[in-house]
$ cat entry.tsv   # TSV, C-alpha atoms and all ligand atoms
chain	number	residue	atom	x	y	z
I	1	MET	CA	-21.54	-73.42	-51.93
I	2	GLU	CA	-25.27	-72.71	-52.25
I	3	ARG	CA	-25.98	-69.26	-53.57
I	4	ILE	CA	-27.10	-66.53	-51.18
I	5	LYS	CA	-29.36	-63.54	-51.68
I	6	PHE	CA	-29.26	-60.45	-49.49
I	7	PHE	CA	-29.99	-56.73	-49.42
I	8	HIS	CA	-27.25	-54.16	-48.94
I	9	VAL	CA	-28.73	-50.99	-47.49
I	10	ALA	CA	-26.95	-47.97	-45.98
I	11	ASP	CA	-27.47	-44.44	-44.71
I	12	LEU	CA	-31.15	-44.51	-43.84
I	13	HIS	CA	-30.84	-41.23	-41.94
I	14	LEU	CA	-34.33	-41.77	-40.54
I	15	ASP	CA	-36.08	-38.62	-39.43
I	16	SER	CA	-33.79	-36.28	-41.36
I	17	PRO	CA	-34.84	-32.70	-40.70
I	18	PHE	CA	-34.64	-31.56	-44.36
I	19	VAL	CA	-33.11	-28.24	-43.50
I	20	GLY	CA	-33.26	-25.49	-46.10
I	21	LEU	CA	-36.87	-26.05	-47.08
I	22	LYS	CA	-38.94	-23.10	-45.97
I	23	HIS	CA	-42.59	-22.18	-45.82
I	24	LEU	CA	-43.96	-25.57	-46.74
I	25	PRO	CA	-47.70	-26.16	-46.78
I	26	LYS	CA	-48.66	-28.79	-44.23
I	27	GLU	CA	-49.23	-31.67	-46.65
I	28	VAL	CA	-45.96	-31.01	-48.45
I	29	PHE	CA	-44.07	-30.78	-45.16
I	30	GLU	CA	-45.52	-34.06	-43.94
I	31	ARG	CA	-44.77	-35.88	-47.16
I	32	ILE	CA	-41.14	-34.73	-47.11
I	33	HIS	CA	-40.72	-35.26	-43.38
I	34	ASN	CA	-41.96	-38.83	-43.74
I	35	SER	CA	-39.95	-39.68	-46.86
I	36	THR	CA	-37.01	-41.43	-45.16
I	37	PHE	CA	-39.46	-43.76	-43.40
I	38	ALA	CA	-41.46	-44.33	-46.57
I	39	SER	CA	-38.30	-45.36	-48.38
I	40	PHE	CA	-37.28	-47.83	-45.67
I	41	GLU	CA	-40.77	-49.31	-45.64
I	42	ARG	CA	-40.31	-50.00	-49.35
I	43	VAL	CA	-36.93	-51.59	-48.70
I	44	VAL	CA	-38.55	-53.98	-46.22
I	45	LYS	CA	-41.50	-54.73	-48.49
I	46	GLU	CA	-39.14	-55.61	-51.35
I	47	ALA	CA	-36.99	-57.73	-49.02
I	48	ILE	CA	-39.98	-59.79	-47.95
I	49	GLU	CA	-41.34	-60.17	-51.47
I	50	ARG	CA	-37.97	-61.29	-52.77
I	51	GLN	CA	-37.47	-63.66	-49.85
I	52	ILE	CA	-33.90	-62.59	-49.23
I	53	ASP	CA	-31.71	-64.60	-46.84
I	54	PHE	CA	-30.67	-61.57	-44.79
I	55	MET	CA	-30.31	-57.80	-44.81
I	56	ILE	CA	-27.21	-55.71	-44.15
I	57	ILE	CA	-27.44	-52.10	-43.01
I	58	SER	CA	-24.07	-50.33	-43.28
I	59	GLY	CA	-24.54	-47.53	-40.77
I	60	ASP	CA	-26.29	-44.21	-40.22
I	61	LEU	CA	-29.73	-45.65	-39.53
I	62	PHE	CA	-30.62	-42.47	-37.70
I	63	ASP	CA	-29.81	-38.95	-38.69
I	64	GLU	CA	-29.14	-37.59	-35.24
I	65	GLU	CA	-27.22	-38.73	-32.20
I	66	ASP	CA	-30.31	-38.18	-30.08
I	67	ARG	CA	-32.34	-40.49	-32.29
I	68	SER	CA	-36.00	-39.70	-31.88
I	69	ILE	CA	-38.43	-42.17	-30.35
I	70	ARG	CA	-40.54	-41.74	-33.46
I	71	ALA	CA	-37.63	-42.90	-35.63
I	72	GLN	CA	-36.82	-45.81	-33.34
I	73	ALA	CA	-40.42	-46.97	-33.13
I	74	LYS	CA	-40.83	-46.92	-36.89
I	75	LEU	CA	-37.57	-48.77	-37.41
I	76	VAL	CA	-38.42	-51.44	-34.84
I	77	LYS	CA	-41.79	-51.96	-36.49
I	78	GLN	CA	-40.07	-52.69	-39.81
I	79	PHE	CA	-37.56	-55.01	-38.12
I	80	HIS	CA	-40.52	-56.94	-36.67
I	81	LEU	CA	-41.95	-57.37	-40.17
I	82	LEU	CA	-38.62	-58.84	-41.29
I	83	HIS	CA	-38.58	-61.04	-38.20
I	84	SER	CA	-42.02	-62.45	-39.05
I	85	SER	CA	-40.66	-63.36	-42.48
I	86	GLY	CA	-37.58	-65.03	-41.02
I	87	ILE	CA	-35.12	-62.44	-42.34
I	88	PRO	CA	-32.18	-61.59	-40.06
I	89	VAL	CA	-30.71	-58.09	-40.15
I	90	TYR	CA	-27.03	-57.20	-39.61
I	91	VAL	CA	-26.49	-53.65	-38.48
I	92	VAL	CA	-23.50	-51.42	-37.85
I	93	HIS	CA	-23.88	-47.92	-36.49
I	94	GLY	CA	-22.06	-45.06	-38.21
I	95	ASN	CA	-20.90	-41.58	-37.36
I	96	HIS	CA	-24.44	-40.21	-37.27
I	97	ASP	CA	-25.86	-42.82	-34.89
I	98	HIS	CA	-22.83	-44.10	-32.99
I	99	LEU	CA	-23.20	-46.43	-30.00
I	100	GLY	CA	-22.17	-43.74	-27.52
I	101	SER	CA	-25.25	-41.74	-28.43
I	102	HIS	CA	-27.78	-44.19	-26.97
I	103	ARG	CA	-30.24	-42.27	-24.85
I	104	LEU	CA	-33.54	-44.05	-24.84
I	105	GLU	CA	-33.34	-47.39	-26.50
I	106	LEU	CA	-36.24	-49.47	-27.69
I	107	ASP	CA	-35.82	-53.26	-27.59
I	108	MET	CA	-34.96	-54.80	-30.93
I	109	PRO	CA	-36.49	-58.10	-32.06
I	110	GLU	CA	-34.09	-61.04	-31.95
I	111	ASN	CA	-33.51	-61.16	-35.72
I	112	VAL	CA	-31.51	-57.91	-35.41
I	113	HIS	CA	-27.77	-58.33	-34.88
I	114	ILE	CA	-25.88	-55.19	-33.99
I	115	PHE	CA	-22.10	-55.05	-34.20
I	116	LEU	CA	-20.09	-53.56	-31.33
I	117	GLU	CA	-17.10	-51.23	-31.36
I	118	ASP	CA	-14.40	-53.77	-32.18
I	119	ALA	CA	-14.59	-55.58	-35.50
I	120	GLU	CA	-16.23	-58.98	-34.93
I	121	VAL	CA	-17.52	-61.92	-36.98
I	122	LYS	CA	-21.15	-63.00	-36.86
I	123	GLN	CA	-22.01	-66.38	-38.33
I	124	LEU	CA	-25.13	-67.30	-40.18
I	125	THR	CA	-26.49	-70.37	-41.92
I	126	THR	CA	-29.05	-69.55	-44.62
I	127	LYS	CA	-32.19	-71.61	-45.20
I	128	ASN	CA	-30.36	-73.34	-48.09
I	129	GLY	CA	-27.54	-74.28	-45.77
I	130	ALA	CA	-24.94	-71.77	-47.02
I	131	LEU	CA	-22.45	-70.68	-44.36
I	132	VAL	CA	-21.85	-66.95	-44.11
I	133	ASP	CA	-19.45	-64.91	-42.00
I	134	ILE	CA	-20.38	-61.27	-41.65
I	135	VAL	CA	-17.65	-58.96	-40.35
I	136	GLY	CA	-18.13	-55.42	-39.12
I	137	PHE	CA	-17.89	-52.86	-36.33
I	138	SER	CA	-20.01	-49.97	-35.08
I	139	TYR	CA	-18.83	-46.47	-34.32
I	140	GLY	CA	-18.47	-46.06	-30.57
I	141	THR	CA	-18.06	-42.31	-30.90
I	142	ARG	CA	-18.83	-39.84	-33.61
I	143	HIS	CA	-15.34	-39.40	-34.99
I	144	ILE	CA	-13.49	-42.57	-35.94
I	145	ARG	CA	-10.44	-41.32	-37.77
I	146	GLU	CA	-8.24	-44.38	-37.40
I	147	ARG	CA	-7.99	-47.19	-39.91
I	148	LYS	CA	-10.20	-50.02	-38.67
I	149	ILE	CA	-9.55	-52.34	-41.60
I	150	GLY	CA	-6.61	-53.94	-39.76
I	151	GLU	CA	-9.08	-55.50	-37.31
I	152	TYR	CA	-10.85	-57.46	-40.05
I	153	PRO	CA	-9.75	-61.13	-40.23
I	154	LYS	CA	-9.11	-62.87	-43.55
I	155	GLY	CA	-11.95	-64.79	-45.18
I	156	ASN	CA	-12.20	-68.58	-44.66
I	157	ALA	CA	-12.52	-71.15	-47.43
I	158	GLY	CA	-15.85	-72.96	-47.66
I	159	ARG	CA	-17.79	-70.00	-46.27
I	160	TYR	CA	-18.97	-66.72	-47.70
I	161	THR	CA	-17.40	-63.71	-46.04
I	162	ILE	CA	-19.01	-60.30	-46.24
I	163	GLY	CA	-17.42	-57.17	-44.81
I	164	ILE	CA	-19.50	-54.27	-43.55
I	165	LEU	CA	-17.61	-51.00	-43.31
I	166	HIS	CA	-18.89	-47.50	-42.70
I	167	GLY	CA	-16.12	-45.19	-43.83
I	168	SER	CA	-14.22	-43.41	-46.56
I	169	GLU	CA	-12.36	-45.00	-49.43
I	170	GLY	CA	-9.05	-43.13	-49.68
I	171	SER	CA	-9.30	-41.82	-53.24
I	172	ILE	CA	-12.82	-40.40	-52.98
I	173	HIS	CA	-13.09	-36.66	-52.65
I	174	SER	CA	-16.48	-35.78	-51.32
I	175	SER	CA	-18.29	-33.45	-49.00
I	176	HIS	CA	-18.43	-36.29	-46.46
I	177	GLU	CA	-15.86	-36.15	-43.70
I	178	THR	CA	-13.13	-38.78	-43.76
I	179	TYR	CA	-13.90	-41.58	-41.31
I	180	ALA	CA	-12.36	-45.04	-40.82
I	181	PRO	CA	-10.39	-44.70	-44.06
I	182	PHE	CA	-9.33	-47.65	-46.19
I	183	THR	CA	-8.10	-48.41	-49.69
I	184	ILE	CA	-9.54	-50.82	-52.23
I	185	GLY	CA	-6.29	-52.80	-52.05
I	186	GLU	CA	-6.70	-53.31	-48.30
I	187	LEU	CA	-10.19	-54.70	-48.80
I	188	LEU	CA	-9.15	-57.03	-51.62
I	189	GLU	CA	-6.37	-58.51	-49.46
I	190	LYS	CA	-8.99	-59.89	-47.07
I	191	ASN	CA	-10.38	-62.33	-49.66
I	192	TYR	CA	-14.01	-61.49	-48.95
I	193	HIS	CA	-16.88	-62.16	-51.33
I	194	TYR	CA	-18.51	-58.76	-50.94
I	195	TRP	CA	-17.86	-55.43	-49.22
I	196	ALA	CA	-20.98	-53.65	-48.00
I	197	LEU	CA	-19.88	-50.05	-47.52
I	198	GLY	CA	-21.74	-47.09	-46.07
I	199	HIS	CA	-21.14	-43.38	-45.46
I	200	ILE	CA	-20.91	-41.92	-48.98
I	201	HIS	CA	-24.43	-41.02	-50.03
I	202	GLU	CA	-23.83	-41.45	-53.74
I	203	ARG	CA	-24.20	-44.89	-55.28
I	204	ARG	CA	-20.80	-46.23	-56.32
I	205	ILE	CA	-19.36	-49.56	-57.33
I	206	LEU	CA	-15.66	-49.32	-56.47
I	207	HIS	CA	-14.67	-52.82	-57.61
I	208	GLU	CA	-16.21	-55.86	-59.27
I	209	GLU	CA	-15.60	-59.51	-58.37
I	210	PRO	CA	-15.40	-59.14	-55.52
I	211	HIS	CA	-17.83	-56.26	-55.43
I	212	ILE	CA	-17.04	-53.27	-53.24
I	213	VAL	CA	-20.14	-51.11	-53.12
I	214	TYR	CA	-21.60	-47.92	-51.68
I	215	PRO	CA	-25.37	-48.22	-52.21
I	216	GLY	CA	-25.87	-44.53	-51.33
I	217	ASN	CA	-28.65	-43.34	-49.07
I	218	ILE	CA	-32.24	-44.53	-49.48
I	219	GLN	CA	-33.77	-41.05	-49.74
I	220	GLY	CA	-32.12	-37.81	-50.88
I	221	ARG	CA	-32.00	-35.30	-48.04
I	222	HIS	CA	-31.13	-32.06	-49.80
I	223	ARG	CA	-30.88	-30.55	-53.25
I	224	LYS	CA	-27.43	-31.95	-53.87
I	225	GLU	CA	-28.57	-35.55	-53.33
I	226	THR	CA	-30.32	-35.79	-56.67
I	227	GLY	CA	-31.63	-38.78	-58.58
I	228	GLU	CA	-33.04	-42.16	-57.65
I	229	LYS	CA	-32.13	-43.62	-54.27
I	230	GLY	CA	-32.50	-47.12	-52.88
I	231	CYS	CA	-30.60	-50.30	-52.07
I	232	TYR	CA	-28.92	-53.24	-53.77
I	233	GLU	CA	-30.08	-56.81	-54.02
I	234	VAL	CA	-26.99	-59.02	-54.11
I	235	ILE	CA	-26.98	-62.61	-55.30
I	236	LEU	CA	-23.71	-64.42	-54.72
I	237	ASP	CA	-22.44	-67.79	-55.71
I	238	GLU	CA	-18.85	-68.83	-55.27
I	239	HIS	CA	-17.57	-67.13	-58.41
I	240	HIS	CA	-20.14	-64.65	-59.49
I	241	THR	CA	-21.97	-61.60	-58.15
I	242	GLU	CA	-25.31	-60.37	-59.43
I	243	LEU	CA	-26.08	-56.83	-58.32
I	244	SER	CA	-29.46	-55.15	-58.89
I	245	PHE	CA	-30.34	-51.64	-57.82
I	246	ILE	CA	-33.80	-51.29	-56.30
I	247	PRO	CA	-35.14	-47.74	-56.19
I	248	THR	CA	-37.11	-47.14	-52.99
I	249	HIS	CA	-37.00	-43.33	-52.61
I	250	ASP	CA	-40.23	-41.55	-51.88
I	251	LEU	CA	-39.18	-38.25	-53.44
I	252	VAL	CA	-36.45	-37.35	-55.91
I	253	TRP	CA	-34.47	-34.10	-55.76
I	254	GLU	CA	-34.04	-32.74	-59.22
I	255	THR	CA	-32.52	-29.71	-60.93
I	256	CYS	CA	-34.53	-28.30	-63.80
I	257	ARG	CA	-32.79	-25.89	-66.19
I	258	VAL	CA	-35.01	-23.50	-68.12
I	259	SER	CA	-33.73	-21.21	-70.86
I	260	LEU	CA	-35.32	-17.76	-70.88
I	261	GLU	CA	-33.75	-16.72	-74.16
I	262	GLY	CA	-35.79	-13.92	-75.73
I	263	THR	CA	-38.28	-13.63	-72.87
I	264	GLN	CA	-39.18	-10.27	-71.35
I	265	ARG	CA	-42.56	-10.55	-69.71
I	266	PHE	CA	-43.56	-12.30	-66.51
I	267	GLY	CA	-46.17	-14.33	-68.37
I	268	GLU	CA	-43.60	-15.74	-70.80
I	269	VAL	CA	-41.18	-16.62	-68.03
I	270	TYR	CA	-43.91	-18.31	-66.06
I	271	GLN	CA	-45.08	-20.34	-69.04
I	272	ARG	CA	-41.60	-21.56	-69.89
I	273	ILE	CA	-41.13	-22.77	-66.34
I	274	GLU	CA	-44.56	-24.40	-66.24
I	275	LYS	CA	-43.84	-26.22	-69.46
I	276	ALA	CA	-40.52	-27.49	-68.15
I	277	LEU	CA	-42.18	-28.68	-64.94
I	278	GLU	CA	-44.87	-30.53	-66.84
I	279	SER	CA	-42.23	-32.64	-68.51
I	280	LEU	CA	-40.90	-33.87	-65.15
I	281	SER	CA	-42.21	-36.96	-63.37
I	282	ASP	CA	-44.26	-36.74	-60.18
I	283	ASP	CA	-42.80	-36.92	-56.70
I	284	ARG	CA	-40.04	-34.43	-57.31
I	285	LEU	CA	-38.43	-31.70	-55.20
I	286	ILE	CA	-37.27	-29.28	-57.82
I	287	GLU	CA	-34.70	-26.56	-58.05
I	288	VAL	CA	-35.31	-24.39	-61.12
I	289	ILE	CA	-32.22	-22.81	-62.65
I	290	LEU	CA	-32.97	-20.12	-65.21
I	291	THR	CA	-30.38	-19.63	-67.92
I	292	ASP	CA	-29.97	-17.15	-70.80
I	293	VAL	CA	-31.50	-14.31	-68.81
I	294	SER	CA	-29.79	-11.46	-70.65
I	295	SER	CA	-33.00	-10.24	-72.33
I	296	LEU	CA	-34.84	-10.16	-69.02
I	297	PRO	CA	-35.64	-6.67	-67.63
I	298	GLU	CA	-34.10	-5.87	-64.24
I	299	GLU	CA	-37.51	-5.72	-62.55
I	300	MET	CA	-38.16	-9.33	-63.62
I	301	LYS	CA	-34.85	-10.35	-62.14
I	302	GLY	CA	-35.97	-8.57	-59.01
I	303	MET	CA	-39.07	-10.78	-58.87
I	304	ILE	CA	-36.85	-13.83	-59.05
I	305	GLU	CA	-34.52	-12.56	-56.35
I	306	ASN	CA	-37.21	-11.46	-53.91
I	307	GLY	CA	-39.09	-14.75	-54.17
I	308	ASP	CA	-42.25	-13.49	-55.92
I	309	LEU	CA	-41.86	-15.89	-58.83
I	310	LEU	CA	-41.19	-18.82	-56.50
I	311	GLU	CA	-44.24	-17.99	-54.44
I	312	ALA	CA	-46.42	-17.83	-57.53
I	313	LEU	CA	-45.19	-21.25	-58.67
I	314	GLN	CA	-45.57	-22.80	-55.24
I	315	SER	CA	-49.13	-21.58	-54.87
I	316	GLU	CA	-49.89	-23.60	-57.98
I	317	HIS	CA	-48.25	-26.80	-56.80
I	318	GLY	CA	-51.55	-28.67	-56.76
I	319	ARG	CA	-51.73	-28.32	-60.50
I	320	TYR	CA	-48.66	-30.42	-61.01
I	321	GLY	CA	-50.18	-33.74	-60.12
I	322	LYS	CA	-49.22	-35.74	-57.08
I	323	MET	CA	-46.21	-33.77	-55.94
I	324	LYS	CA	-43.89	-31.45	-57.77
I	325	TRP	CA	-42.58	-28.98	-55.30
I	326	VAL	CA	-40.34	-26.16	-56.53
I	327	HIS	CA	-38.17	-25.39	-53.52
I	328	SER	CA	-35.99	-22.72	-55.12
I	329	ILE	CA	-35.43	-20.70	-58.26
I	330	ARG	CA	-32.13	-19.15	-59.24
I	331	TYR	CA	-30.76	-17.73	-62.40
I	332	THR	CA	-27.27	-17.77	-63.78
I	333	ARG	CA	-26.10	-14.60	-65.41
I	334	SER	CA	-24.27	-15.24	-68.62
I	335	GLY	CA	-22.70	-12.57	-70.77
I	336	SER	CA	-23.63	-9.64	-68.56
I	337	GLY	CA	-22.53	-6.15	-69.61
I	338	VAL	CA	-19.24	-4.51	-68.67
I	339	GLU	CA	-19.43	-2.45	-65.48
I	340	GLN	CA	-18.52	1.24	-65.87
I	341	ASP	CA	-18.35	2.36	-62.24
I	342	PRO	CA	-14.72	1.94	-61.04
I	343	PHE	CA	-15.76	1.16	-57.45
I	344	LYS	CA	-18.17	-1.55	-58.60
I	345	GLN	CA	-15.48	-2.83	-60.96
I	346	GLU	CA	-13.17	-3.23	-57.99
I	347	VAL	CA	-15.75	-5.05	-55.88
I	348	LEU	CA	-16.69	-7.37	-58.76
I	349	ALA	CA	-13.05	-8.19	-59.43
I	350	THR	CA	-12.55	-9.00	-55.74
I	351	LEU	CA	-15.59	-11.27	-55.80
I	352	GLU	CA	-14.35	-13.11	-58.87
I	353	GLY	CA	-10.96	-13.60	-57.30
I	354	MET	CA	-12.17	-15.14	-54.03
I	355	GLY	CA	-10.08	-18.19	-53.12
I	356	ASP	CA	-10.59	-20.93	-50.50
I	357	GLY	CA	-9.08	-18.77	-47.77
I	358	GLU	CA	-11.43	-15.87	-48.40
I	359	TRP	CA	-14.45	-18.14	-48.53
I	360	LYS	CA	-13.43	-19.76	-45.29
I	361	ALA	CA	-12.96	-16.41	-43.55
I	362	ALA	CA	-16.26	-15.09	-44.88
I	363	LEU	CA	-18.18	-18.16	-43.74
I	364	SER	CA	-16.37	-18.85	-40.47
I	365	GLU	CA	-19.02	-17.28	-38.26
I	366	LEU	CA	-21.62	-19.70	-39.62
I	367	TYR	CA	-19.46	-22.76	-40.04
I	368	GLU	CA	-17.92	-22.50	-36.59
I	369	HIS	CA	-21.18	-21.69	-34.83
I	370	PRO	CA	-21.73	-24.40	-32.17
I	371	SER	CA	-25.39	-25.03	-32.97
I	372	ILE	CA	-25.43	-24.25	-36.68
I	373	TYR	CA	-22.38	-25.97	-38.14
I	374	ARG	CA	-23.82	-29.47	-38.08
I	375	PHE	CA	-26.65	-28.46	-40.39
I	376	LEU	CA	-24.28	-27.16	-43.03
I	377	SER	CA	-22.54	-29.02	-45.78
I	378	THR	CA	-19.56	-27.54	-47.57
I	379	LEU	CA	-20.26	-25.30	-50.54
I	380	ASP	CA	-19.31	-26.79	-53.85
I	381	GLU	CA	-18.12	-24.89	-56.90
I	382	GLU	CA	-21.57	-24.42	-58.36
I	383	GLU	CA	-22.97	-23.06	-55.12
I	384	ARG	CA	-20.12	-20.60	-54.77
I	385	ARG	CA	-20.77	-19.54	-58.35
I	386	LEU	CA	-24.44	-18.96	-57.59
I	387	ILE	CA	-23.65	-16.88	-54.52
I	388	ILE	CA	-21.19	-14.79	-56.53
I	389	ASN	CA	-23.76	-14.34	-59.29
I	390	GLU	CA	-26.36	-13.19	-56.81
I	391	ALA	CA	-23.92	-10.76	-55.19
I	392	GLU	CA	-22.91	-9.45	-58.60
I	393	SER	CA	-26.44	-8.78	-59.74
I	394	LEU	CA	-27.17	-7.08	-56.43
I	395	ILE	CA	-24.14	-4.80	-56.85
I	396	ARG	CA	-24.97	-4.02	-60.49
I	397	SER	CA	-28.59	-3.23	-59.73
I	398	LYS	CA	-27.73	-0.64	-57.05
I	399	GLY	CA	-27.31	2.92	-58.37
Z	1	MN	MN	-24.49	-41.06	-43.80

$ encode --input "entry.tsv" --output "structure tokens"
Amino acid sequence: MERIKFFHVADLHLDSPFVGLKHLPKEVFERIHNSTFASFERVVKEAIERQIDFMIISGDLFDEEDRSIRAQAKLVKQFHLLHSSGIPVYVVHGNHDHLGSHRLELDMPENVHIFLEDAEVKQLTTKNGALVDIVGFSYGTRHIRERKIGEYPKGNAGRYTIGILHGSEGSIHSSHETYAPFTIGELLEKNYHYWALGHIHERRILHEEPHIVYPGNIQGRHRKETGEKGCYEVILDEHHTELSFIPTHDLVWETCRVSLEGTQRFGEVYQRIEKALESLSDDRLIEVILTDVSSLPEEMKGMIENGDLLEALQSEHGRYGKMKWVHSIRYTRSGSGVEQDPFKQEVLATLEGMGDGEWKAALSELYEHPSIYRFLSTLDEEERRLIINEAESLIRSKG
């Protein structure tokens, strides 16, 4: 069989709202707000330059069920560019942009092939004459909890078979909800040449030969989606897979740890942070975590907590080249003194002992709020730690 070359892209989340970023100057806001589109434009540019045979998009093209016209128009424009270059696109919709959510739909060019609710096979002959079966399904509603893998037929000899699946591999524990679950074994049984997964926003290769791959999203959307983001170029021949990651992100979310050991004055703190920021590349959205703060006077900690330090850094953002935006500053308290007040001791001990149940109860008002819950992701260990640290320093600082 002639070799084939395609792009595996997933989780575009076009027009993501980037919640949690506050008080952005206009140019910073616009850059961030446009970043999902900028990344997809790069995906398309690379696809055309590399003359791929076809593109696969494994779900969550849009971030919201009521996909904006702006997002649709920009997407359609990119699909037209692919069309002009003779590149077909195979699309499934995921939990974020399921078929049932269609409100106002723009017409897609004819190179775009969208899968429907039941798993189906779409056939393609590449310009080199290779025969390819592409199998997939789209989410008809937001929550697909059942196993859909049973609907996928076995691969046929003499043709490439590629499976597209937006869902959760059974052994992965993540903050993503479990949808259309499957196991690696179930995928291998199908005898496909490649599995183009979507849903998990981290890049992961679950199996090699045949490759089972989550490419991750194309642009980080919050501080936990750190690092480079992009898509995979896949070159297949009958026995071998060549996988290359192509970074296309517009902005990278990054955590920057700065030790404040021995510092006492605002000027010293500021300089240490500035120095650390200078060493980072451009086009970063940065969370600064200050460590070793034990020598820091309480009033300095107050300036960190009340946002004064952050504001000072942000007002200087122009100095850091193209774009280095510090979106938050926190500090972790290590080796803090023993509390003498018995009441405070009691409260601190309770805080330290908070289990899942207590967290759930404390957060239920937010996490069960009908219009807020969908903007929230679950708190991981580090975030819980930070909240506890902040509460602790608040309690200790009150007389
Ligand atoms: Mn997604």

$ atom_distance --input "entry.tsv" --atom1 "CA of Ile218 (chain I)" --atom2 "CA of Phe7 (chain I)"
12.4 Å

$ closest_residue --input "entry.tsv" --among "I:Ala10, I:Ala312, I:Leu21, I:Met1" --to "ligand MN 1 (chain Z)" --atoms "only C-alpha atoms and all ligand atoms"
I:Ala10

$ atom_distance --input "entry.tsv" --atom1 "CA of Ile87 (chain I)" --atom2 "CA of Glu49 (chain I)"
11.3 Å

$ residues_near_ligand --input "entry.tsv" --ligand "ligand MN 1 (chain Z)" --cutoff "8 Å" --atoms "all atoms listed in the file" --output "PyMOL selection string"
chain I and resi 10-13+59-60+63+94-96+198-201+217

$ write_last_selection --input "entry.tsv" --atoms "C-alpha atoms" --output "mmCIF file, keeping the file's coordinate frame"
data_model
loop_
_atom_site.group_PDB
_atom_site.id
_atom_site.type_symbol
_atom_site.label_atom_id
_atom_site.label_comp_id
_atom_site.auth_asym_id
_atom_site.auth_seq_id
_atom_site.Cartn_x
_atom_site.Cartn_y
_atom_site.Cartn_z
ATOM 1 C CA ALA I 10 -26.950 -47.970 -45.980
ATOM 2 C CA ASP I 11 -27.470 -44.440 -44.710
ATOM 3 C CA LEU I 12 -31.150 -44.510 -43.840
ATOM 4 C CA HIS I 13 -30.840 -41.230 -41.940
ATOM 5 C CA GLY I 59 -24.540 -47.530 -40.770
ATOM 6 C CA ASP I 60 -26.290 -44.210 -40.220
ATOM 7 C CA ASP I 63 -29.810 -38.950 -38.690
ATOM 8 C CA GLY I 94 -22.060 -45.060 -38.210
ATOM 9 C CA ASN I 95 -20.900 -41.580 -37.360
ATOM 10 C CA HIS I 96 -24.440 -40.210 -37.270
ATOM 11 C CA GLY I 198 -21.740 -47.090 -46.070
ATOM 12 C CA HIS I 199 -21.140 -43.380 -45.460
ATOM 13 C CA ILE I 200 -20.910 -41.920 -48.980
ATOM 14 C CA HIS I 201 -24.430 -41.020 -50.030
ATOM 15 C CA ASN I 217 -28.650 -43.340 -49.070
#

$ atom_distance --input "entry.tsv" --atom1 "CA of Asp282 (chain I)" --atom2 "CA of Lys224 (chain I)"
18.6 Å

$ closest_residue --input "entry.tsv" --among "I:Leu309, I:Leu251, I:Ile144, I:Val91" --to "Ile286 (chain I)" --atoms "only C-alpha atoms"
I:Leu251

$ residues_around --input "entry.tsv" --residues "Lys22 (chain I)" --least-positions-apart "6" --cutoff "10 Å" --atoms "only C-alpha atoms" --output "PDB file with C-alpha atoms, in the frame of the given file"
ATOM      1  CA  PHE I  29     -44.070 -30.780 -45.160  1.00  0.00           C
ATOM      2  CA  HIS I 327     -38.170 -25.390 -53.520  1.00  0.00           C
ATOM      3  CA  SER I 328     -35.990 -22.720 -55.120  1.00  0.00           C
TER       4      SER I 328
END

$ residues_near_point --input "entry.tsv" --point "(-12.3, -45.7, -50.4)" --cutoff "10 Å" --atoms "all atoms listed in the file" --output "tab-separated table (two decimals) with C-alpha atoms, keeping the file's coordinate frame"
chain	number	residue	atom	x	y	z
I	167	GLY	CA	-16.12	-45.19	-43.83
I	168	SER	CA	-14.22	-43.41	-46.56
I	169	GLU	CA	-12.36	-45.00	-49.43
I	170	GLY	CA	-9.05	-43.13	-49.68
I	171	SER	CA	-9.30	-41.82	-53.24
I	172	ILE	CA	-12.82	-40.40	-52.98
I	173	HIS	CA	-13.09	-36.66	-52.65
I	178	THR	CA	-13.13	-38.78	-43.76
I	180	ALA	CA	-12.36	-45.04	-40.82
I	181	PRO	CA	-10.39	-44.70	-44.06
I	182	PHE	CA	-9.33	-47.65	-46.19
I	183	THR	CA	-8.10	-48.41	-49.69
I	184	ILE	CA	-9.54	-50.82	-52.23
I	185	GLY	CA	-6.29	-52.80	-52.05
I	186	GLU	CA	-6.70	-53.31	-48.30
I	187	LEU	CA	-10.19	-54.70	-48.80
I	197	LEU	CA	-19.88	-50.05	-47.52
I	200	ILE	CA	-20.91	-41.92	-48.98
I	206	LEU	CA	-15.66	-49.32	-56.47
I	212	ILE	CA	-17.04	-53.27	-53.24
I	213	VAL	CA	-20.14	-51.11	-53.12
I	214	TYR	CA	-21.60	-47.92	-51.68

$ residues_around --input "entry.tsv" --residues "Asp53 (chain I)" --least-positions-apart "5" --cutoff "9 Å" --atoms "all atoms listed in the file" --output "mmCIF file with C-alpha atoms, keeping the file's coordinate frame"
data_model
loop_
_atom_site.group_PDB
_atom_site.id
_atom_site.type_symbol
_atom_site.label_atom_id
_atom_site.label_comp_id
_atom_site.auth_asym_id
_atom_site.auth_seq_id
_atom_site.Cartn_x
_atom_site.Cartn_y
_atom_site.Cartn_z
ATOM 1 C CA ILE I 4 -27.100 -66.530 -51.180
ATOM 2 C CA LYS I 5 -29.360 -63.540 -51.680
ATOM 3 C CA PHE I 6 -29.260 -60.450 -49.490
ATOM 4 C CA PHE I 7 -29.990 -56.730 -49.420
ATOM 5 C CA ALA I 47 -36.990 -57.730 -49.020
ATOM 6 C CA GLY I 86 -37.580 -65.030 -41.020
ATOM 7 C CA ILE I 87 -35.120 -62.440 -42.340
ATOM 8 C CA PRO I 88 -32.180 -61.590 -40.060
ATOM 9 C CA THR I 126 -29.050 -69.550 -44.620
ATOM 10 C CA LYS I 127 -32.190 -71.610 -45.200
ATOM 11 C CA ASN I 128 -30.360 -73.340 -48.090
#
